[in-house]
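Worksheet for the structure shown next.
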Amino acid sequence: MAINIKSLLQQAEIYRSQGLLQDAEKKYLEVATAIKNSDNIQNKNKLLKAVKKKLSAVRKDNEDVETAPTSPEMSSHVNEMIKKLFSFSHDKTNEEEAALEGAIALAKFGQFEGAITEFKKLLEKESVGVAAAKNIIRCFMTLDSIDAASTQMYEWESSDYFSAEQMEKIRSFFDEMLEKKGIKRDLAASDLPEEEEAVEDEEFLDISAVAITFDSGPHKGEQVELDVSFQSGNIISLIISSNDEHMIENLQVGVKLEDIHFYSPIAIFRGTGVVSAKTQINSGPKKGDYSVDIKIQSI
Amino acid sequence: MAIFNIKKREIECKIVYYGPGRCGKTTNLEYIFKSYKKQVEGEMVSINTEGDRTLFFDFLPMELGKIKGCEIRVQMFTVPGQVQYSSTRKLVLKGVDGIIFVADSMDVRREKNMESLKDLQKNLKEYGLNIFKIPLVLQYNKRDLAEQGIPIMSVEQMERDLNRQLKVPAFPGSAMTGKGVGKTLQECLKLTLKSLHKQFNWAE
Ligand SMILES: Nc1nc2c(ncn2[C@@H]2O[C@H](COP(=O)(O)OP(=O)(O)O)[C@@H](O)[C@H]2O)c(=O)[nH]1
Ligand SMILES: [Mg+2]
């Protein structure tokens with residue numbers, strides 16, 4: 001056999017063995033052409049037949065790969081792992097948050113049945129219930145089960161699962177999805193809204209402590225770590241000991257803090273904030289100390 | 001984004017092997033699983049389709065021991081390479097701290113390498129990350145195939161194609177024989193830990 005043909009054939013075989021089926025197919029075609037164009041090969045026809053057989057085998061494999069389901073339902077073991085690996089709030093205090101993230105990850109990996117089961121467990125949780133409900137609706141819609149989504153909506157609406165205000169949020173989300181779906185239908189778009197983000201919870205992150213780097217005053221350049229005593233949304237409260245006069249002076253209302261590390265229970269974020277209130281505590285064990293509120297501006 | 005547990009003095013970070021389909025990401029991880037038994041913490045998990053292709057990801061947890069008084073744990077992932085898995089690929093990238101981009105040295109895969117690098121940049125950007133800033137190393141894989149007479153690109157050519165602007169550490173290697181696999185990972189870990197240390201500034 002001509003060296004050229006031999007080398008081409010070898011390449012085709014390697015590509016095939018590595019699962020590079022399209023590259024293999026191309027090479028086999030080159031081999032076939034080379035054989036056809038060559039004058040000095042014995043059993044040309046036999047060779048050609050062998051190559052054609054390989055060619056159709058590769059094409060068949062390629063077809064199988066391309067038609068394989070992109071998100072088949074996985075075992076519950078796999079689902080457990082996805083939940084664990086793709087929930088980013090691991091701490092105890094954030095259990096509900098973590099469970100929500102895990103369930104969202106399942107949905108993103110196409111494990112809708114499993115995801116719905118997980119979301120359902122979260123419906124009663126104060127902090128994530130509404131988000132879980134919205135995601136259930138989203139799963140049904142992605143599965144094209146508008147009926148199931150409607151039934152679910154009806155069930156919630158006719159029970160007192162959610163408050164009127166919460167129900168309103170869920171309802172408008174559902175309407176929005178319906179509308180999108182309608183438009184998509186008209187455009188005859190493909191089935192999956194693949195790149196759409198799942199609904200994350202609107203709640204603000206829990207911040208347990210901060211480290212502030214001051215850019216002026218006696219603490220200039222220093223990083224001071226302080227525990228957060230209380231948090232309401234994007235406002236965190238810190239208690240500053242009355243002994244720490246410099247700090248109390250530094251943290252005047254209106255002062256912008258350009259470099260804060262926010263310690264959520266498990267991770268640190270960098271951001272900025274502004275001092276929004278400062279009051280001296282005049283009773284209790286912390287009497288005389290200051291309570292300073294910082295409004296988080298960006299994380 | 002790494003998890004820094006201040007109380008336990010423990011950092012958990014995430015390394016992702018990225019690259020075009022069939023470039024050798026899974027093979028890299030398999031080699032690490034076999035040869036770094038001491039650091040491996042548990043089992044390697046692969047979620048495959050029938051044709052042995054990575055469907056969602058491969059996962060390998062490792063424990064590096066204490067560095068500057070802080071326990072370092074690493075979660076290693078590979079992404080699925082094929083184009084149709086773009087949304088799972090993006091999800092696996094979420095929270096990444098360091099990346100190993102595996103490029104296929106074979107001539108026929110030249111375009112695919114470049115496409116995949118571009119895809120990486122796009123996905124990072126969507127997470128607010130910059131490919132020029134994130135710890136990143138390249139691996140030019142399958143160098144062994146030259147011996148079998150398979151046309152492969154020169155390292156210089158691959159540098160021009162993929163690393164002209166990035167200018168990150170790059171290693172020729174063969175995930176099949178294991179050559180360069182450890183080196184690539186070590187460099188990536190080094191860069192990642194340096195960056196995490198800058199970020200969290202933990203002290204001994
Ligand atoms: N000759 C050779 N083959 C390799 C090498 N790395 C991977 N392969 C083969 O390439 C194919 C795809 O590898 P795999 O690790 O599954 O690629 P992935 O899609 O990036 O995970 C398999 O058949 C591997 O055996 C290498 O360094 N040399
Ligand atoms: Mg793989």
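Residue numbering restarts at 1 in every chain; chains get A, B, ... in the order shown in the structure tokens, and ligands count up from 1 in that same order.
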
(message) Please identify all residues of chain B having at least one atom at most 9 Å from any atom of chain A, considering only C-alpha atoms, and return them as an MDAnalysis selection string.
(response) chainID B and resid 1:6 21:23 47 49:53 55:56 84:88 91:92 94:95 108:109 148:151 199:200

May I have the selected residues written with N, CA and C atoms, as a compact mmCIF listing (two decimals), in the first residue's frame?
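And here's part-v4.txt as it stands now:
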# COMPACT_ATOMS: atom_id res chain seq x y z
N MET B 1 -15.47 31.12 43.31
CA MET B 1 -15.13 31.82 44.52
C MET B 1 -14.85 30.81 45.62
N ALA B 2 -13.67 30.92 46.18
CA ALA B 2 -13.29 29.94 47.20
C ALA B 2 -14.07 30.16 48.48
N ILE B 3 -14.15 29.11 49.26
CA ILE B 3 -14.80 29.21 50.54
C ILE B 3 -13.72 29.28 51.61
N PHE B 4 -13.74 30.32 52.37
CA PHE B 4 -12.74 30.50 53.41
C PHE B 4 -13.44 30.39 54.76
N ASN B 5 -13.21 29.29 55.43
CA ASN B 5 -13.79 29.11 56.75
C ASN B 5 -12.79 29.63 57.78
N ILE B 6 -13.11 30.80 58.31
CA ILE B 6 -12.15 31.48 59.17
C ILE B 6 -11.92 30.69 60.45
N GLY B 21 -13.81 19.37 23.20
CA GLY B 21 -14.18 17.98 23.38
C GLY B 21 -13.03 17.06 23.00
N ARG B 22 -12.80 16.03 23.78
CA ARG B 22 -11.82 14.98 23.50
C ARG B 22 -10.36 15.45 23.53
N CYS B 23 -10.09 16.55 24.20
CA CYS B 23 -8.70 17.03 24.24
C CYS B 23 -7.90 16.34 25.33
N ILE B 47 -19.50 11.63 35.33
CA ILE B 47 -20.86 11.48 34.85
C ILE B 47 -20.82 11.49 33.33
N THR B 49 -21.92 9.99 29.28
CA THR B 49 -22.95 9.41 28.41
C THR B 49 -22.48 8.04 28.00
N GLU B 50 -23.26 7.40 27.18
CA GLU B 50 -22.92 6.06 26.74
C GLU B 50 -21.54 5.99 26.10
N GLY B 51 -21.32 6.84 25.13
CA GLY B 51 -20.07 6.80 24.39
C GLY B 51 -18.89 7.28 25.19
N ASP B 52 -18.97 7.18 26.52
CA ASP B 52 -17.85 7.51 27.38
C ASP B 52 -17.49 8.99 27.31
N ARG B 53 -18.45 9.78 26.95
CA ARG B 53 -18.19 11.22 26.90
C ARG B 53 -18.65 11.85 28.19
N LEU B 55 -20.64 13.93 30.39
CA LEU B 55 -21.95 14.53 30.18
C LEU B 55 -22.06 15.83 30.97
N PHE B 56 -21.91 15.72 32.26
CA PHE B 56 -22.00 16.93 33.08
C PHE B 56 -20.60 17.40 33.51
N GLN B 84 -22.87 21.18 22.36
CA GLN B 84 -24.26 21.17 22.82
C GLN B 84 -24.42 21.23 24.34
N TYR B 85 -23.30 21.09 25.07
CA TYR B 85 -23.42 21.15 26.52
C TYR B 85 -23.00 22.50 27.09
N SER B 86 -23.27 23.54 26.35
CA SER B 86 -22.73 24.83 26.76
C SER B 86 -23.29 25.31 28.09
N SER B 87 -24.54 24.97 28.39
CA SER B 87 -25.07 25.51 29.64
C SER B 87 -24.53 24.75 30.85
N THR B 88 -24.30 23.45 30.72
CA THR B 88 -23.69 22.74 31.85
C THR B 88 -22.23 23.15 32.00
N LEU B 91 -22.18 26.20 34.00
CA LEU B 91 -22.50 25.97 35.41
C LEU B 91 -21.31 25.39 36.17
N VAL B 92 -20.59 24.47 35.52
CA VAL B 92 -19.43 23.87 36.18
C VAL B 92 -18.37 24.94 36.47
N LYS B 94 -18.89 27.87 37.43
CA LYS B 94 -19.32 28.79 38.48
C LYS B 94 -18.43 28.68 39.73
N GLY B 95 -17.96 29.79 40.19
CA GLY B 95 -17.16 29.80 41.41
C GLY B 95 -15.74 29.31 41.22
N VAL B 108 -5.64 18.70 13.35
CA VAL B 108 -7.06 18.80 13.01
C VAL B 108 -7.89 19.49 14.09
N ARG B 109 -7.31 19.68 15.25
CA ARG B 109 -8.08 20.29 16.35
C ARG B 109 -7.75 21.75 16.57
N GLN B 148 3.75 8.51 16.71
CA GLN B 148 2.95 7.61 15.89
C GLN B 148 2.71 8.19 14.50
N GLY B 149 3.38 9.28 14.21
CA GLY B 149 3.26 9.86 12.88
C GLY B 149 1.98 10.65 12.66
N ILE B 150 1.31 11.01 13.75
CA ILE B 150 0.11 11.82 13.61
C ILE B 150 0.53 13.29 13.54
N PRO B 151 0.00 14.03 12.57
CA PRO B 151 0.40 15.45 12.46
C PRO B 151 -0.02 16.24 13.69
N GLN B 199 -6.26 37.57 48.16
CA GLN B 199 -7.68 37.87 48.37
C GLN B 199 -8.04 37.81 49.87
N PHE B 200 -7.64 36.74 50.50
CA PHE B 200 -8.07 36.52 51.88
C PHE B 200 -7.04 36.98 52.91

(request) Using only C-alpha atoms and all ligand atoms, find each residue with an atom at most 7 Å away from ligand 2 and format the answer as a list of chain:residue names. (result) B:Arg22, B:Gly24, B:Lys25, B:Thr26, B:Arg53, B:Thr54, B:Asp58, B:Thr78, B:Val79, B:Pro80, B:Gly81

(request) Please indicate the distance in Å from CA of Arg89 (chain B) to CA of Leu120 (chain B), rounded to one decimal place. (result)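 It comes out at 9.3 Å.
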
(message) Measuring between only C-alpha atoms, which one of A:Ser216, A:Thr33, A:Ser237, A:Asn243 shows the shortest distance to Gly288 (chain A)?
(response)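 Answer, going by the shortest atom-to-atom distance: A:Asn243.
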
(request) Tell me which of A:Glu179, A:Asp244, A:Glu13, A:Glu95 sits closest to ligand 1, counting only C-alpha atoms and all ligand atoms. (result)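 Of the candidates, the smallest distance to ligand 1 is held by A:Glu13.
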
(request) Return as a PyMOL selection string the full set of residues in region 75-199 of chain B whose backbone-based DSSP assignment is strand (DSSP E or B). (result) chain B and resi 75-78+98-104+106+136-141+152+170-172+174+179

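Distance check against Pro135 (chain B) using only C-alpha atoms: of B:Leu60, B:Leu162, B:Cys188, B:Ile72, the minimum falls on B:Cys188.
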
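Comparing the minimum interatomic distances between Asn79 (chain A) and each of A:Val58, A:Ala211, A:Leu123, A:Ala115, counting only C-alpha atoms, we find that A:Ala115 sits nearest.
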
(message) Can you tell me, as a ChimeraX atom specification, which residues in region 55-135 of chain B count as helix (DSSP H, G or I) by DSSP?
(response) /B:83-93,107-126

Export of prior selection with C-alpha atoms as a PDB file, in the first residue's frame:
ATOM      1  CA  VAL B  83     -20.774  22.322  21.884  1.00  0.00           C
ATOM      2  CA  GLN B  84     -24.262  21.171  22.823  1.00  0.00           C
ATOM      3  CA  TYR B  85     -23.419  21.150  26.517  1.00  0.00           C
ATOM      4  CA  SER B  86     -22.728  24.832  26.759  1.00  0.00           C
ATOM      5  CA  SER B  87     -25.074  25.506  29.643  1.00  0.00           C
ATOM      6  CA  THR B  88     -23.693  22.745  31.853  1.00  0.00           C
ATOM      7  CA  ARG B  89     -20.205  23.844  30.936  1.00  0.00           C
ATOM      8  CA  LYS B  90     -21.003  27.282  32.196  1.00  0.00           C
ATOM      9  CA  LEU B  91     -22.503  25.966  35.415  1.00  0.00           C
ATOM     10  CA  VAL B  92     -19.432  23.868  36.185  1.00  0.00           C
ATOM     11  CA  LEU B  93     -17.350  27.003  35.807  1.00  0.00           C
ATOM     12  CA  ASP B 107      -3.430  19.607  13.627  1.00  0.00           C
ATOM     13  CA  VAL B 108      -7.056  18.799  13.014  1.00  0.00           C
ATOM     14  CA  ARG B 109      -8.077  20.285  16.346  1.00  0.00           C
ATOM     15  CA  ARG B 110      -6.517  23.694  15.828  1.00  0.00           C
ATOM     16  CA  GLU B 111      -9.758  25.578  15.284  1.00  0.00           C
ATOM     17  CA  LYS B 112     -11.478  23.766  18.134  1.00  0.00           C
ATOM     18  CA  ASN B 113      -8.803  24.868  20.578  1.00  0.00           C
ATOM     19  CA  MET B 114      -9.259  28.490  19.651  1.00  0.00           C
ATOM     20  CA  GLU B 115     -13.034  28.260  19.735  1.00  0.00           C
ATOM     21  CA  SER B 116     -12.949  26.703  23.175  1.00  0.00           C
ATOM     22  CA  LEU B 117     -10.609  29.364  24.555  1.00  0.00           C
ATOM     23  CA  LYS B 118     -12.969  32.007  23.269  1.00  0.00           C
ATOM     24  CA  ASP B 119     -15.885  30.181  24.857  1.00  0.00           C
ATOM     25  CA  LEU B 120     -13.989  30.157  28.145  1.00  0.00           C
ATOM     26  CA  GLN B 121     -13.441  33.876  27.961  1.00  0.00           C
ATOM     27  CA  LYS B 122     -17.091  34.487  27.242  1.00  0.00           C
ATOM     28  CA  ASN B 123     -18.304  32.305  30.100  1.00  0.00           C
ATOM     29  CA  LEU B 124     -15.878  33.860  32.556  1.00  0.00           C
ATOM     30  CA  LYS B 125     -17.032  37.278  31.514  1.00  0.00           C
ATOM     31  CA  GLU B 126     -20.602  36.346  32.209  1.00  0.00           C
TER      32      GLU B 126
END

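Distance-wise, CA of Lys220 (chain A) and CA of Ser242 (chain A) end up 19.4 Å apart.
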
Who sits within 12 Å of Glu249 (chain A), only C-alpha atoms, same chain under 4 positions skipped, as a compact mmCIF listing (two decimals) with C-alpha atoms, in the first residue's frame:
# COMPACT_ATOMS: atom_id res chain seq x y z
CA PHE A 214 -9.46 52.79 56.71
CA SER A 216 -7.71 58.10 56.63
CA GLY A 217 -7.51 58.88 60.33
CA PRO A 218 -5.46 57.17 63.01
CA HIS A 219 -6.35 53.71 61.70
CA ILE A 240 -17.75 49.62 68.76
CA SER A 241 -16.38 49.59 72.27
CA SER A 242 -16.35 52.95 74.00
CA ASN A 243 -12.61 52.42 74.55
CA ASP A 244 -12.00 52.60 70.85
CA GLU A 245 -12.24 56.35 70.54
CA VAL A 253 -22.23 59.24 59.57
CA VAL A 255 -18.23 58.43 55.73
CA VAL A 275 -21.87 54.80 57.57
CA LYS A 278 -24.20 56.00 64.81
CA TYR A 290 -21.58 52.68 70.06
CA VAL A 292 -22.78 51.91 64.01

(request) Point out the residue among B:Ile15, B:Met76, B:Leu29, B:Ile99 with the least atom-to-atom distance to ligand 1, counting only C-alpha atoms and all ligand atoms. (result)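 For ligand 1, the nearest of the candidates is B:Leu29.
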
(message) Using only C-alpha atoms and all ligand atoms, can you tell me which of A:Ala98, A:Ile137, A:Leu21, A:Ala149 comes closest to ligand 1?
(response) A:Leu21

(request) Write out as an MDAnalysis selection string the residues lying within 7 Å of Ala175 (chain B), counting only C-alpha atoms and excluding same-chain residues fewer than 4 positions away. (result) chainID B and resid 24 27:28 31 141:142 179 181

Okay, now the selection with C-alpha atoms, as a PDB file, in the first residue's frame?
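What follows is the written file selection20.pdb:
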ATOM      1  CA  GLY B  24      -7.875  14.941  27.305  1.00  0.00           C
ATOM      2  CA  THR B  27      -7.636  11.665  31.096  1.00  0.00           C
ATOM      3  CA  ASN B  28      -5.719  14.365  33.002  1.00  0.00           C
ATOM      4  CA  TYR B  31      -3.997  10.351  35.868  1.00  0.00           C
ATOM      5  CA  ASN B 141      -1.707  17.745  25.294  1.00  0.00           C
ATOM      6  CA  LYS B 142      -1.159  14.583  23.271  1.00  0.00           C
ATOM      7  CA  LYS B 179       3.970  13.521  31.157  1.00  0.00           C
ATOM      8  CA  VAL B 181       0.225  16.434  34.009  1.00  0.00           C
TER       9      VAL B 181
END

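Atom 23 (O, counted along the ligand's line) of ligand 1 to CA of Arg16 (chain A) spans 8.5 Å [interatomic distance, one decimal].
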
(message) List the spatial neighbours of Ser150 (chain A) as a ChimeraX atom specification - criterion: any atom at most 12 Å away, only C-alpha atoms, same-chain residues fewer than 6 positions off excluded.
(response) /A:136-138,140-141,144,156-157,170-171,174-175,177-178

Go ahead and save the residues from that selection, with all heavy atoms, as a short mmCIF file (atom, residue, chain, number, x, y, z; two decimals), in the first residue's frame.
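As a result, result-v3.cif now contains:
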data_model
loop_
_atom_site.label_atom_id
_atom_site.label_comp_id
_atom_site.auth_asym_id
_atom_site.auth_seq_id
_atom_site.Cartn_x
_atom_site.Cartn_y
_atom_site.Cartn_z
N ILE A 136 -40.45 26.02 40.73
CA ILE A 136 -41.30 24.88 40.36
C ILE A 136 -42.04 25.22 39.07
O ILE A 136 -42.09 24.43 38.12
CB ILE A 136 -42.30 24.57 41.50
CG1 ILE A 136 -41.56 23.93 42.67
CG2 ILE A 136 -43.41 23.62 40.99
CD1 ILE A 136 -42.40 23.71 43.90
N ILE A 137 -42.58 26.43 39.05
CA ILE A 137 -43.28 26.87 37.84
C ILE A 137 -42.34 26.84 36.64
O ILE A 137 -42.67 26.36 35.57
CB ILE A 137 -43.85 28.30 38.05
CG1 ILE A 137 -44.89 28.30 39.16
CG2 ILE A 137 -44.43 28.85 36.76
CD1 ILE A 137 -46.11 27.44 38.88
N ARG A 138 -41.13 27.33 36.86
CA ARG A 138 -40.17 27.35 35.76
C ARG A 138 -39.87 25.94 35.25
O ARG A 138 -39.79 25.70 34.04
CB ARG A 138 -38.88 28.04 36.17
CG ARG A 138 -37.89 28.13 35.01
CD ARG A 138 -36.54 28.63 35.44
NE ARG A 138 -36.54 30.03 35.80
CZ ARG A 138 -36.56 31.02 34.91
NH1 ARG A 138 -36.61 30.75 33.63
NH2 ARG A 138 -36.55 32.27 35.31
N PHE A 140 -41.80 23.28 35.35
CA PHE A 140 -42.95 22.80 34.57
C PHE A 140 -42.97 23.45 33.19
O PHE A 140 -43.22 22.79 32.18
CB PHE A 140 -44.27 23.13 35.30
CG PHE A 140 -44.57 22.17 36.43
CD1 PHE A 140 -45.04 22.64 37.65
CD2 PHE A 140 -44.42 20.80 36.25
CE1 PHE A 140 -45.33 21.76 38.69
CE2 PHE A 140 -44.71 19.91 37.29
CZ PHE A 140 -45.16 20.40 38.51
N MET A 141 -42.69 24.73 33.15
CA MET A 141 -42.73 25.43 31.88
C MET A 141 -41.63 24.93 30.95
O MET A 141 -41.83 24.77 29.76
CB MET A 141 -42.57 26.94 32.09
CG MET A 141 -43.67 27.56 32.91
SD MET A 141 -45.31 27.36 32.18
CE MET A 141 -45.35 28.77 31.11
N ASP A 144 -42.46 22.04 29.30
CA ASP A 144 -43.62 22.25 28.45
C ASP A 144 -44.91 21.77 29.08
O ASP A 144 -45.88 21.47 28.40
CB ASP A 144 -43.44 21.54 27.09
CG ASP A 144 -43.16 22.57 26.01
OD1 ASP A 144 -43.54 23.75 26.22
OD2 ASP A 144 -42.57 22.21 24.98
N TRP A 156 -52.10 26.30 44.87
CA TRP A 156 -51.57 27.29 45.82
C TRP A 156 -52.57 28.40 46.08
O TRP A 156 -52.74 28.86 47.20
CB TRP A 156 -50.26 27.90 45.29
CG TRP A 156 -49.10 26.96 45.34
CD1 TRP A 156 -48.92 25.92 46.21
CD2 TRP A 156 -47.96 26.96 44.47
NE1 TRP A 156 -47.74 25.28 45.94
CE2 TRP A 156 -47.12 25.89 44.88
CE3 TRP A 156 -47.55 27.75 43.40
CZ2 TRP A 156 -45.91 25.61 44.27
CZ3 TRP A 156 -46.36 27.48 42.78
CH2 TRP A 156 -45.54 26.40 43.20
N GLU A 157 -53.22 28.82 45.01
CA GLU A 157 -54.13 29.95 45.15
C GLU A 157 -55.35 29.59 46.00
O GLU A 157 -55.90 30.42 46.70
CB GLU A 157 -54.56 30.48 43.77
CG GLU A 157 -53.55 31.49 43.25
CD GLU A 157 -53.71 31.81 41.78
OE1 GLU A 157 -54.41 31.05 41.06
OE2 GLU A 157 -53.11 32.81 41.34
N ILE A 170 -45.77 35.28 42.83
CA ILE A 170 -45.69 34.02 42.09
C ILE A 170 -46.56 34.10 40.84
O ILE A 170 -46.17 33.68 39.75
CB ILE A 170 -46.13 32.84 42.98
CG1 ILE A 170 -45.21 32.75 44.20
CG2 ILE A 170 -46.12 31.53 42.21
CD1 ILE A 170 -45.72 31.84 45.30
N ARG A 171 -47.74 34.69 41.03
CA ARG A 171 -48.68 34.83 39.91
C ARG A 171 -48.07 35.66 38.77
O ARG A 171 -48.12 35.27 37.61
CB ARG A 171 -49.99 35.46 40.43
CG ARG A 171 -50.93 36.04 39.41
CD ARG A 171 -51.37 35.11 38.33
NE ARG A 171 -52.24 34.02 38.77
CZ ARG A 171 -52.69 33.06 37.96
NH1 ARG A 171 -52.36 33.07 36.67
NH2 ARG A 171 -53.44 32.09 38.41
N PHE A 174 -45.55 33.71 36.93
CA PHE A 174 -46.20 32.72 36.05
C PHE A 174 -46.70 33.39 34.77
O PHE A 174 -46.48 32.90 33.66
CB PHE A 174 -47.35 32.05 36.81
CG PHE A 174 -48.10 31.01 36.00
CD1 PHE A 174 -47.42 30.03 35.29
CD2 PHE A 174 -49.49 31.02 35.98
CE1 PHE A 174 -48.11 29.07 34.56
CE2 PHE A 174 -50.18 30.06 35.24
CZ PHE A 174 -49.49 29.09 34.54
N ASP A 175 -47.35 34.54 34.94
CA ASP A 175 -47.86 35.26 33.77
C ASP A 175 -46.74 35.62 32.81
O ASP A 175 -46.87 35.49 31.60
CB ASP A 175 -48.60 36.54 34.22
CG ASP A 175 -49.91 36.19 34.92
OD1 ASP A 175 -50.36 35.02 34.79
OD2 ASP A 175 -50.48 37.06 35.61
N MET A 177 -43.90 34.10 32.48
CA MET A 177 -43.43 32.88 31.80
C MET A 177 -44.37 32.51 30.66
O MET A 177 -43.93 32.12 29.58
CB MET A 177 -43.38 31.70 32.79
CG MET A 177 -42.34 31.80 33.87
SD MET A 177 -40.65 31.61 33.30
CE MET A 177 -40.58 29.91 32.82
N LEU A 178 -45.65 32.63 30.94
CA LEU A 178 -46.64 32.29 29.92
C LEU A 178 -46.46 33.17 28.70
O LEU A 178 -46.49 32.71 27.56
CB LEU A 178 -48.06 32.49 30.47
CG LEU A 178 -48.67 31.32 31.23
CD1 LEU A 178 -50.05 31.71 31.73
CD2 LEU A 178 -48.74 30.07 30.35
#

(request) Show which residues sit within 8 Å of Glu118 (chain A), as an MDAnalysis selection string. Count only C-alpha atoms, and ignore same-chain residues fewer than 6 positions away. (result) chainID A and resid 99:100 103
